[in-house]
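Chemist: Structure: coords07.pdb, PDB, C-alpha atoms, pLDDT in the B column.
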ATOM      1  CA  MET U   1     121.833 102.387 100.467  1.00 84.00           C
ATOM      2  CA  LYS U   2     118.362 103.317  99.347  1.00 92.00           C
ATOM      3  CA  PRO U   3     115.384 102.664 101.631  1.00 96.00           C
ATOM      4  CA  SER U   4     112.351 101.157  99.919  1.00 94.00           C
ATOM      5  CA  HIS U   5     109.787 102.692 102.284  1.00 95.00           C
ATOM      6  CA  ILE U   6     109.087 103.764 105.846  1.00 96.00           C
ATOM      7  CA  GLU U   7     108.799 100.410 107.613  1.00 97.00           C
ATOM      8  CA  HIS U   8     107.360 101.775 110.838  1.00 97.00           C
ATOM      9  CA  ILE U   9     107.120 104.676 113.240  1.00 98.00           C
ATOM     10  CA  GLY U  10     108.022 103.753 116.814  1.00 97.00           C
ATOM     11  CA  ILE U  11     105.987 105.378 119.581  1.00 98.00           C
ATOM     12  CA  ALA U  12     106.941 104.886 123.228  1.00 98.00           C
ATOM     13  CA  VAL U  13     103.983 104.514 125.594  1.00 98.00           C
ATOM     14  CA  LYS U  14     103.627 103.968 129.328  1.00 97.00           C
ATOM     15  CA  SER U  15     101.142 101.145 128.804  1.00 97.00           C
ATOM     16  CA  LEU U  16     100.052  99.155 125.758  1.00 98.00           C
ATOM     17  CA  GLU U  17      96.807  98.392 127.568  1.00 97.00           C
ATOM     18  CA  GLU U  18      96.040 102.119 127.770  1.00 97.00           C
ATOM     19  CA  ALA U  19      97.373 103.053 124.311  1.00 98.00           C
ATOM     20  CA  ILE U  20      95.913 100.317 122.093  1.00 98.00           C
ATOM     21  CA  PRO U  21      92.274 101.439 122.532  1.00 98.00           C
ATOM     22  CA  PHE U  22      93.080 104.869 121.069  1.00 98.00           C
ATOM     23  CA  TYR U  23      94.466 103.347 117.880  1.00 98.00           C
ATOM     24  CA  GLU U  24      91.609 100.836 117.617  1.00 98.00           C
ATOM     25  CA  LYS U  25      88.578 102.814 118.787  1.00 97.00           C
ATOM     26  CA  VAL U  26      89.487 106.355 117.752  1.00 97.00           C
ATOM     27  CA  LEU U  27      91.575 105.754 114.624  1.00 97.00           C
ATOM     28  CA  GLY U  28      89.858 102.521 113.598  1.00 97.00           C
ATOM     29  CA  LEU U  29      93.088 100.566 113.214  1.00 97.00           C
ATOM     30  CA  GLU U  30      93.530  96.922 114.174  1.00 97.00           C
ATOM     31  CA  CYS U  31      96.302  95.721 116.459  1.00 98.00           C
ATOM     32  CA  TYR U  32      97.527  92.696 114.545  1.00 97.00           C
ATOM     33  CA  ALA U  33     100.450  91.618 116.745  1.00 97.00           C
ATOM     34  CA  ILE U  34     101.776  91.987 120.272  1.00 98.00           C
ATOM     35  CA  GLU U  35     105.282  90.721 120.921  1.00 96.00           C
ATOM     36  CA  GLU U  36     107.927  90.939 123.619  1.00 96.00           C
ATOM     37  CA  VAL U  37     111.512  91.521 122.525  1.00 94.00           C
ATOM     38  CA  VAL U  38     113.326  90.364 125.639  1.00 93.00           C
ATOM     39  CA  ASP U  39     116.841  91.561 124.782  1.00 90.00           C
ATOM     40  CA  GLN U  40     115.519  95.083 124.092  1.00 91.00           C
ATOM     41  CA  LYS U  41     113.419  95.097 127.294  1.00 95.00           C
ATOM     42  CA  VAL U  42     110.274  96.037 125.405  1.00 96.00           C
ATOM     43  CA  LYS U  43     106.809  94.793 124.539  1.00 97.00           C
ATOM     44  CA  THR U  44     105.461  95.932 121.158  1.00 97.00           C
ATOM     45  CA  ALA U  45     102.055  96.278 119.513  1.00 98.00           C
ATOM     46  CA  PHE U  46     101.694  96.748 115.744  1.00 98.00           C
ATOM     47  CA  PHE U  47      99.118  98.487 113.562  1.00 98.00           C
ATOM     48  CA  LYS U  48      99.171  98.775 109.768  1.00 97.00           C
ATOM     49  CA  VAL U  49      98.424 102.057 107.968  1.00 96.00           C
ATOM     50  CA  GLY U  50      98.780 101.445 104.240  1.00 93.00           C
ATOM     51  CA  ASP U  51     102.298 100.083 103.728  1.00 90.00           C
ATOM     52  CA  THR U  52     103.566 101.603 106.967  1.00 95.00           C
ATOM     53  CA  LYS U  53     103.295 100.246 110.479  1.00 97.00           C
ATOM     54  CA  ILE U  54     102.866 101.982 113.803  1.00 98.00           C
ATOM     55  CA  GLU U  55     104.864 100.231 116.525  1.00 98.00           C
ATOM     56  CA  LEU U  56     103.862 101.001 120.094  1.00 98.00           C
ATOM     57  CA  LEU U  57     106.650 100.273 122.584  1.00 98.00           C
ATOM     58  CA  GLU U  58     106.094  99.592 126.287  1.00 98.00           C
ATOM     59  CA  SER U  59     109.132  99.072 128.481  1.00 98.00           C
ATOM     60  CA  THR U  60     109.452  95.832 130.425  1.00 97.00           C
ATOM     61  CA  ASP U  61     112.297  97.312 132.504  1.00 97.00           C
ATOM     62  CA  PRO U  62     112.557 100.908 133.762  1.00 95.00           C
ATOM     63  CA  GLU U  63     116.319 100.767 133.071  1.00 95.00           C
ATOM     64  CA  GLY U  64     115.833  99.718 129.440  1.00 95.00           C
ATOM     65  CA  PRO U  65     116.019 102.253 126.593  1.00 94.00           C
ATOM     66  CA  ILE U  66     112.233 102.712 126.327  1.00 96.00           C
ATOM     67  CA  GLY U  67     111.852 102.857 130.100  1.00 97.00           C
ATOM     68  CA  LYS U  68     114.424 105.642 130.306  1.00 96.00           C
ATOM     69  CA  PHE U  69     112.861 107.467 127.337  1.00 96.00           C
ATOM     70  CA  VAL U  70     109.373 107.369 128.879  1.00 97.00           C
ATOM     71  CA  ALA U  71     110.721 108.483 132.283  1.00 97.00           C
ATOM     72  CA  LYS U  72     112.479 111.433 130.661  1.00 96.00           C
ATOM     73  CA  THR U  73     109.857 112.518 128.109  1.00 96.00           C
ATOM     74  CA  GLY U  74     106.579 110.932 129.188  1.00 96.00           C
ATOM     75  CA  GLY U  75     106.527 108.985 125.914  1.00 96.00           C
ATOM     76  CA  GLY U  76     105.810 109.917 122.316  1.00 97.00           C
ATOM     77  CA  MET U  77     107.542 109.440 118.999  1.00 97.00           C
ATOM     78  CA  HIS U  78     110.680 107.426 119.613  1.00 97.00           C
ATOM     79  CA  HIS U  79     112.101 106.489 116.204  1.00 97.00           C
ATOM     80  CA  LEU U  80     111.582 106.353 112.464  1.00 98.00           C
ATOM     81  CA  ALA U  81     112.386 103.058 110.729  1.00 97.00           C
ATOM     82  CA  PHE U  82     113.303 102.636 107.073  1.00 98.00           C
ATOM     83  CA  ALA U  83     113.148  99.317 105.231  1.00 97.00           C
ATOM     84  CA  VAL U  84     116.387  98.360 103.489  1.00 97.00           C
ATOM     85  CA  GLU U  85     117.361  95.299 101.495  1.00 96.00           C
ATOM     86  CA  ASP U  86     120.447  94.425 103.570  1.00 97.00           C
ATOM     87  CA  VAL U  87     120.858  95.957 107.023  1.00 97.00           C
ATOM     88  CA  GLN U  88     124.603  95.270 107.341  1.00 97.00           C
ATOM     89  CA  GLU U  89     125.273  96.768 103.923  1.00 97.00           C
ATOM     90  CA  ALA U  90     123.159  99.816 104.803  1.00 97.00           C
ATOM     91  CA  LEU U  91     124.989 100.277 108.123  1.00 98.00           C
ATOM     92  CA  ASN U  92     128.314 100.092 106.274  1.00 97.00           C
ATOM     93  CA  ASP U  93     127.108 102.637 103.696  1.00 97.00           C
ATOM     94  CA  VAL U  94     125.965 105.191 106.274  1.00 97.00           C
ATOM     95  CA  GLN U  95     129.209 104.837 108.239  1.00 97.00           C
ATOM     96  CA  GLU U  96     131.225 105.388 105.057  1.00 96.00           C
ATOM     97  CA  ALA U  97     129.151 108.545 104.529  1.00 96.00           C
ATOM     98  CA  GLY U  98     130.239 109.786 107.977  1.00 96.00           C
ATOM     99  CA  CYS U  99     127.141 108.857 109.971  1.00 97.00           C
ATOM    100  CA  GLN U 100     127.569 107.745 113.573  1.00 97.00           C
ATOM    101  CA  VAL U 101     125.782 104.462 114.312  1.00 97.00           C
ATOM    102  CA  ILE U 102     124.564 102.865 117.513  1.00 97.00           C
ATOM    103  CA  ASP U 103     124.747  99.379 116.003  1.00 97.00           C
ATOM    104  CA  LYS U 104     127.748  98.414 113.877  1.00 96.00           C
ATOM    105  CA  ALA U 105     126.087  95.082 113.097  1.00 97.00           C
ATOM    106  CA  PRO U 106     122.417  94.100 112.795  1.00 97.00           C
ATOM    107  CA  ARG U 107     120.604  92.650 115.778  1.00 95.00           C
ATOM    108  CA  GLY U 108     117.254  90.943 116.135  1.00 94.00           C
ATOM    109  CA  GLY U 109     114.116  93.042 116.345  1.00 93.00           C
ATOM    110  CA  ALA U 110     110.365  92.583 116.479  1.00 93.00           C
ATOM    111  CA  GLU U 111     108.625  90.583 113.764  1.00 93.00           C
ATOM    112  CA  GLY U 112     111.843  88.670 113.094  1.00 93.00           C
ATOM    113  CA  LEU U 113     113.496  91.622 111.354  1.00 95.00           C
ATOM    114  CA  LYS U 114     117.182  92.506 111.503  1.00 96.00           C
ATOM    115  CA  ILE U 115     117.654  96.047 112.804  1.00 97.00           C
ATOM    116  CA  GLY U 116     120.357  98.654 113.272  1.00 97.00           C
ATOM    117  CA  PHE U 117     120.087 102.157 114.722  1.00 97.00           C
ATOM    118  CA  LEU U 118     121.776 105.365 113.608  1.00 98.00           C
ATOM    119  CA  HIS U 119     122.771 107.867 116.271  1.00 97.00           C
ATOM    120  CA  PRO U 120     120.528 110.951 116.523  1.00 96.00           C
ATOM    121  CA  LYS U 121     123.648 113.159 116.531  1.00 95.00           C
ATOM    122  CA  SER U 122     124.081 112.236 112.860  1.00 95.00           C
ATOM    123  CA  THR U 123     120.413 112.278 111.832  1.00 96.00           C
ATOM    124  CA  MET U 124     119.139 115.729 112.745  1.00 95.00           C
ATOM    125  CA  ARG U 125     118.189 114.472 116.236  1.00 95.00           C
ATOM    126  CA  VAL U 126     115.822 111.756 114.964  1.00 96.00           C
ATOM    127  CA  LEU U 127     116.596 108.248 116.185  1.00 96.00           C
ATOM    128  CA  THR U 128     116.643 106.332 112.911  1.00 97.00           C
ATOM    129  CA  GLU U 129     116.344 102.585 112.479  1.00 97.00           C
ATOM    130  CA  LEU U 130     117.252 100.530 109.425  1.00 98.00           C
ATOM    131  CA  CYS U 131     115.464  97.215 109.185  1.00 96.00           C
ATOM    132  CA  GLY U 132     115.036  94.313 106.837  1.00 95.00           C
ATOM    133  CA  ASP U 133     114.963  90.563 106.397  1.00 91.00           C
ATOM    134  CA  LYS U 134     118.750  90.284 106.076  1.00 87.00           C
TER     135      LYS U 134
END
Would you mind writing the file out in structure tokens?
Modeler:
Amino acid sequence: MKPSHIEHIGIAVKSLEEAIPFYEKVLGLECYAIEEVVDQKVKTAFFKVGDTKIELLESTDPEGPIGKFVAKTGGGMHHLAFAVEDVQEALNDVQEAGCQVIDKAPRGGAEGLKIGFLHPKSTMRVLTELCGDK
């Protein structure tokens, strides 16, 4: 497995409505998409910075992963996502290298991407996401 680039940086926020103006008015970025990912209990907003995206994540359920993260930490950087050619192949490769994964198989994510998460215990405490078109 060799990532091609950082696909996005995920940032958990209490409210997209409160967070989006900072990225637009202070940083001068444009929110180009807002999407709800029902099975992950999250609503997302995306900004592009060069080839990398910033993904803001607002929980739609306090018991969902982002809801629990925001309740515990107040929000902030949640995960780092790397683009890979084939998510299943990449998940297999990292497991063969001894990495603990959260997802053994890809699942659907925002923007129609396939995603799979690596466990922070195996990634120096950084929740790491692998994502791609297949």
Chemist: Within 6 Å of stretch 111-127 of chain U, counting all atoms listed in the file, which residues qualify if same-chain residues fewer than 4 places away don't, as a ChimeraX atom specification?
Modeler: /U:79,99-103,106-107,131-133
Chemist: Within 6 Å of U:Glu55, counting only C-alpha atoms, which residues qualify if same-chain residues fewer than 5 places away don't, as an mmCIF file with C-alpha atoms, keeping the file's coordinate frame?
Modeler:
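around_4.cif, written as the output of this step:
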data_model
loop_
_atom_site.group_PDB
_atom_site.id
_atom_site.type_symbol
_atom_site.label_atom_id
_atom_site.label_comp_id
_atom_site.auth_asym_id
_atom_site.auth_seq_id
_atom_site.Cartn_x
_atom_site.Cartn_y
_atom_site.Cartn_z
ATOM 1 C CA ILE U 9 107.120 104.676 113.240
ATOM 2 C CA GLY U 10 108.022 103.753 116.814
ATOM 3 C CA ALA U 45 102.055 96.278 119.513
ATOM 4 C CA PHE U 46 101.694 96.748 115.744
#
Chemist: For U:Ser59, work out the shell of residues within 9 Å, counting all atoms listed in the file and skipping chain neighbours fewer than 3 positions away, then give it as a PyMOL selection string.
Modeler: chain U and resi 12-15+40-44+62-68+70
Chemist: By how many Å are atom CA of U:Gly108 and atom CA of U:Glu58 apart?
Modeler: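 We find that atom CA of U:Gly108 and atom CA of U:Glu58 lie 17.4 Å from each other.
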Chemist: Convert the output of the PyMOL selection byres ((chain U and resi 81) around 7) on the shown file into explicit residues, formatted as a list in words.
Modeler: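 Evaluating the PyMOL selection byres ((chain U and resi 81) around 7) on this file yields Ile6, Glu7, His8, Ile9, His79, Leu80, Phe82, Ala83, Thr128, Glu129, Leu130 and Cys131 of chain U.
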Chemist: My list of candidates is U:Cys31, U:Val87, U:Val94, U:Ala105. Which is closest to U:Lys48 when distances are computed with all atoms listed in the file?
Modeler: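 Closest candidate: U:Cys31.
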Chemist: Suppose you want the space between atom CA of U:Phe22 and atom CA of U:Leu56; what is it in Å?
Modeler: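 Interatomic distance, atom CA of U:Phe22 to atom CA of U:Leu56: 11.5 Å.
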Chemist: Between atom CA of U:Glu24 and atom CA of U:Val49, what is the distance in Å, rounded to a tenth?
Modeler: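 Between atom CA of U:Glu24 and atom CA of U:Val49 the gap works out to 11.9 Å.
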